[in-house]
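S.K.: Have a look at the structure that comes next, please.
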Amino acid sequence: MRVKIRKGDTVEVISGRRIDKGKRGEVIKVLPKQGRVVVQDVNMRRKHQSQVQTQGRTMSPGIIEFEGSIDISNVMLVCPKCSEPTRVSLQRQDGESIRVCKRCEAIIDN
Ligand SMILES: [Zn+2]
């Protein structure tokens, strides 16, 4: 499966945990092999961290929050032109594949 979502895209969560549904955020990581993405402020998880020493620095204990990955099928790309969640088609232009919004036909790549 070709991954049509890239780092830096804005996506909308269309399914998954109720608290995340409808959220929009920037893709901060794409994991193509797992078919998963990490989206800013979506699927927030907490981890308790005990005091650790790393390279001479002491990290204070506490709770750290981080984004967990979600399945790529749970998000939809938000078109920067029409700002609606949309499907994209891949087209070839000058030997490069470009993504095109199926709603407004805008070219999504910069
Ligand atoms: Zn569009």
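Order determines the names: the first chain of the structure tokens is A, the second B, and so forth; residues in each chain are numbered 1 upward, and ligands are numbered 1 upward as they are shown.
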Using only C-alpha atoms and all ligand atoms, find each residue of chain A with at least one atom at most 10 Å away from an atom of ligand 1; report its shortest atom-to-atom pair and that distance in Å (one decimal), sort the rows by chain and rising residue number, and return the result as a Markdown table.

M.R.:
| residue | atom | partner | partner_atom_place_in_ligand_line | distance |
| --- | --- | --- | --- | --- |
| A:Leu77 | CA | ligand 1 | 1 (Zn) | 9.7 |
| A:Val78 | CA | ligand 1 | 1 (Zn) | 7.8 |
| A:Cys79 | CA | ligand 1 | 1 (Zn) | 4.6 |
| A:Pro80 | CA | ligand 1 | 1 (Zn) | 6.6 |
| A:Lys81 | CA | ligand 1 | 1 (Zn) | 5.0 |
| A:Cys82 | CA | ligand 1 | 1 (Zn) | 4.2 |
| A:Ser83 | CA | ligand 1 | 1 (Zn) | 6.4 |
| A:Glu84 | CA | ligand 1 | 1 (Zn) | 6.5 |
| A:Pro85 | CA | ligand 1 | 1 (Zn) | 8.1 |
| A:Thr86 | CA | ligand 1 | 1 (Zn) | 6.9 |
| A:Arg87 | CA | ligand 1 | 1 (Zn) | 9.0 |
| A:Val88 | CA | ligand 1 | 1 (Zn) | 8.8 |
| A:Val100 | CA | ligand 1 | 1 (Zn) | 7.9 |
| A:Cys101 | CA | ligand 1 | 1 (Zn) | 4.7 |
| A:Lys102 | CA | ligand 1 | 1 (Zn) | 6.7 |
| A:Arg103 | CA | ligand 1 | 1 (Zn) | 5.0 |
| A:Cys104 | CA | ligand 1 | 1 (Zn) | 4.1 |
| A:Glu105 | CA | ligand 1 | 1 (Zn) | 6.0 |
| A:Ala106 | CA | ligand 1 | 1 (Zn) | 5.5 |
| A:Ile107 | CA | ligand 1 | 1 (Zn) | 8.1 |
| A:Ile108 | CA | ligand 1 | 1 (Zn) | 7.9 |

S.K.: Among chain A, which ones does DSSP place in strand (DSSP E or B), written as JSON, numbers by chain?

M.R.: {"A": [10, 11, 12, 13, 24, 25, 26, 27, 28, 29, 30, 31, 36, 37, 38, 39, 44, 45, 46, 47, 48, 49, 52, 53, 54, 57, 58, 59, 62, 63, 64, 65, 66, 67, 70, 71, 75, 76, 77, 78, 85, 86, 88, 89, 90, 91, 92, 93, 96, 97, 98, 99, 100, 101, 107]}

S.K.: Using only C-alpha atoms, find the one residue out of A:Ile70, A:Ile98, A:Val75, A:Val3 that sits nearest to Lys33 of chain A.

M.R.: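 Closest residue, counting only C-alpha atoms: A:Val3.
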
S.K.: I'd like the neighbourhood of Phe66 of chain A as a list in words, where a residue qualifies if any of its atoms comes within 7 Å (using only C-alpha atoms), though same-chain residues fewer than 2 positions away should be ignored.

M.R.: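 Here the qualifying residues turn out to be Met44, Arg45, Arg46, Ile64 and Gly68 of chain A.
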
S.K.: Let me make sure I understand: among A:Asp20, A:Asp41, A:Glu26, A:Glu12, which one has the smallest atom-to-atom distance to Glu67 of chain A if we use only C-alpha atoms?

M.R.: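 Ranked by minimum distance to Glu67 of chain A, first place goes to A:Asp41.
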
S.K.: Record the distance separating atom CA of Gln40 of chain A and atom CA of Val27 of chain A, expressed in Å with one decimal.

M.R.: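 Atom CA of Gln40 of chain A sits 6.3 Å away from atom CA of Val27 of chain A.
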
S.K.: From the set A:Lys7, A:Asp94, A:Met76, A:Arg57, which residue has the shortest atom-to-atom contact distance to Val38 of chain A, counting only C-alpha atoms?

M.R.: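 For Val38 of chain A, the nearest of the candidates is A:Lys7.
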
S.K.: Using only C-alpha atoms, can you tell me which of A:Ser60, A:Gly25, A:Arg36, A:Ile19 comes closest to His48 of chain A?

M.R.: A:Ser60

S.K.: Tell me, as a ChimeraX atom specification, which residues lie within 6 Å of Val13 of chain A, counting only C-alpha atoms; anything in the same chain fewer than 4 positions away does not count.

M.R.: /A:21-23,74-75

S.K.: With a distance cut-off of 10 Å and only C-alpha atoms, select the neighbouring residues of Pro61 of chain A, excluding the residue or stretch itself and same-chain residues fewer than 3 positions from it, and output the selection as a PDB file with N, CA, C and O atoms, in the first residue's frame.

M.R.:
ATOM      1  N   HIS A  48       5.176   7.302  33.338  1.00  0.00           N
ATOM      2  CA  HIS A  48       5.851   7.707  34.563  1.00  0.00           C
ATOM      3  C   HIS A  48       7.337   7.503  34.388  1.00  0.00           C
ATOM      4  O   HIS A  48       7.778   6.450  33.948  1.00  0.00           O
ATOM      5  N   GLN A  49       8.052   8.514  34.739  1.00  0.00           N
ATOM      6  CA  GLN A  49       9.481   8.410  34.580  1.00  0.00           C
ATOM      7  C   GLN A  49      10.130   8.508  35.945  1.00  0.00           C
ATOM      8  O   GLN A  49       9.901   9.438  36.690  1.00  0.00           O
ATOM      9  N   SER A  50      10.927   7.527  36.232  1.00  0.00           N
ATOM     10  CA  SER A  50      11.658   7.620  37.480  1.00  0.00           C
ATOM     11  C   SER A  50      12.962   8.361  37.224  1.00  0.00           C
ATOM     12  O   SER A  50      13.358   8.567  36.075  1.00  0.00           O
ATOM     13  N   GLN A  51      13.603   8.730  38.292  1.00  0.00           N
ATOM     14  CA  GLN A  51      14.825   9.505  38.126  1.00  0.00           C
ATOM     15  C   GLN A  51      15.890   8.686  37.400  1.00  0.00           C
ATOM     16  O   GLN A  51      16.174   7.557  37.761  1.00  0.00           O
ATOM     17  N   VAL A  52      16.397   9.239  36.355  1.00  0.00           N
ATOM     18  CA  VAL A  52      17.401   8.512  35.576  1.00  0.00           C
ATOM     19  C   VAL A  52      18.615   9.397  35.313  1.00  0.00           C
ATOM     20  O   VAL A  52      18.524  10.610  35.266  1.00  0.00           O
ATOM     21  N   THR A  58      20.910  14.450  35.199  1.00  0.00           N
ATOM     22  CA  THR A  58      19.853  13.810  35.957  1.00  0.00           C
ATOM     23  C   THR A  58      18.507  14.336  35.468  1.00  0.00           C
ATOM     24  O   THR A  58      18.258  15.530  35.486  1.00  0.00           O
ATOM     25  N   ILE A  64       5.585  12.126  31.949  1.00  0.00           N
ATOM     26  CA  ILE A  64       5.782  12.762  30.655  1.00  0.00           C
ATOM     27  C   ILE A  64       4.658  12.328  29.723  1.00  0.00           C
ATOM     28  O   ILE A  64       4.188  11.197  29.768  1.00  0.00           O
TER      29      ILE A  64
END

S.K.: For a test of reading the model, state the distance in Å between atom CA of Arg92 of chain A and atom CA of Ile5 of chain A, rounded to one decimal.

M.R.: 16.6 Å

S.K.: If you measure from atom CA of Gly8 of chain A to atom CA of Glu65 of chain A, what distance in Å do you get, rounded to one decimal?

M.R.: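 Separating atom CA of Gly8 of chain A from atom CA of Glu65 of chain A is a distance of 20.5 Å.
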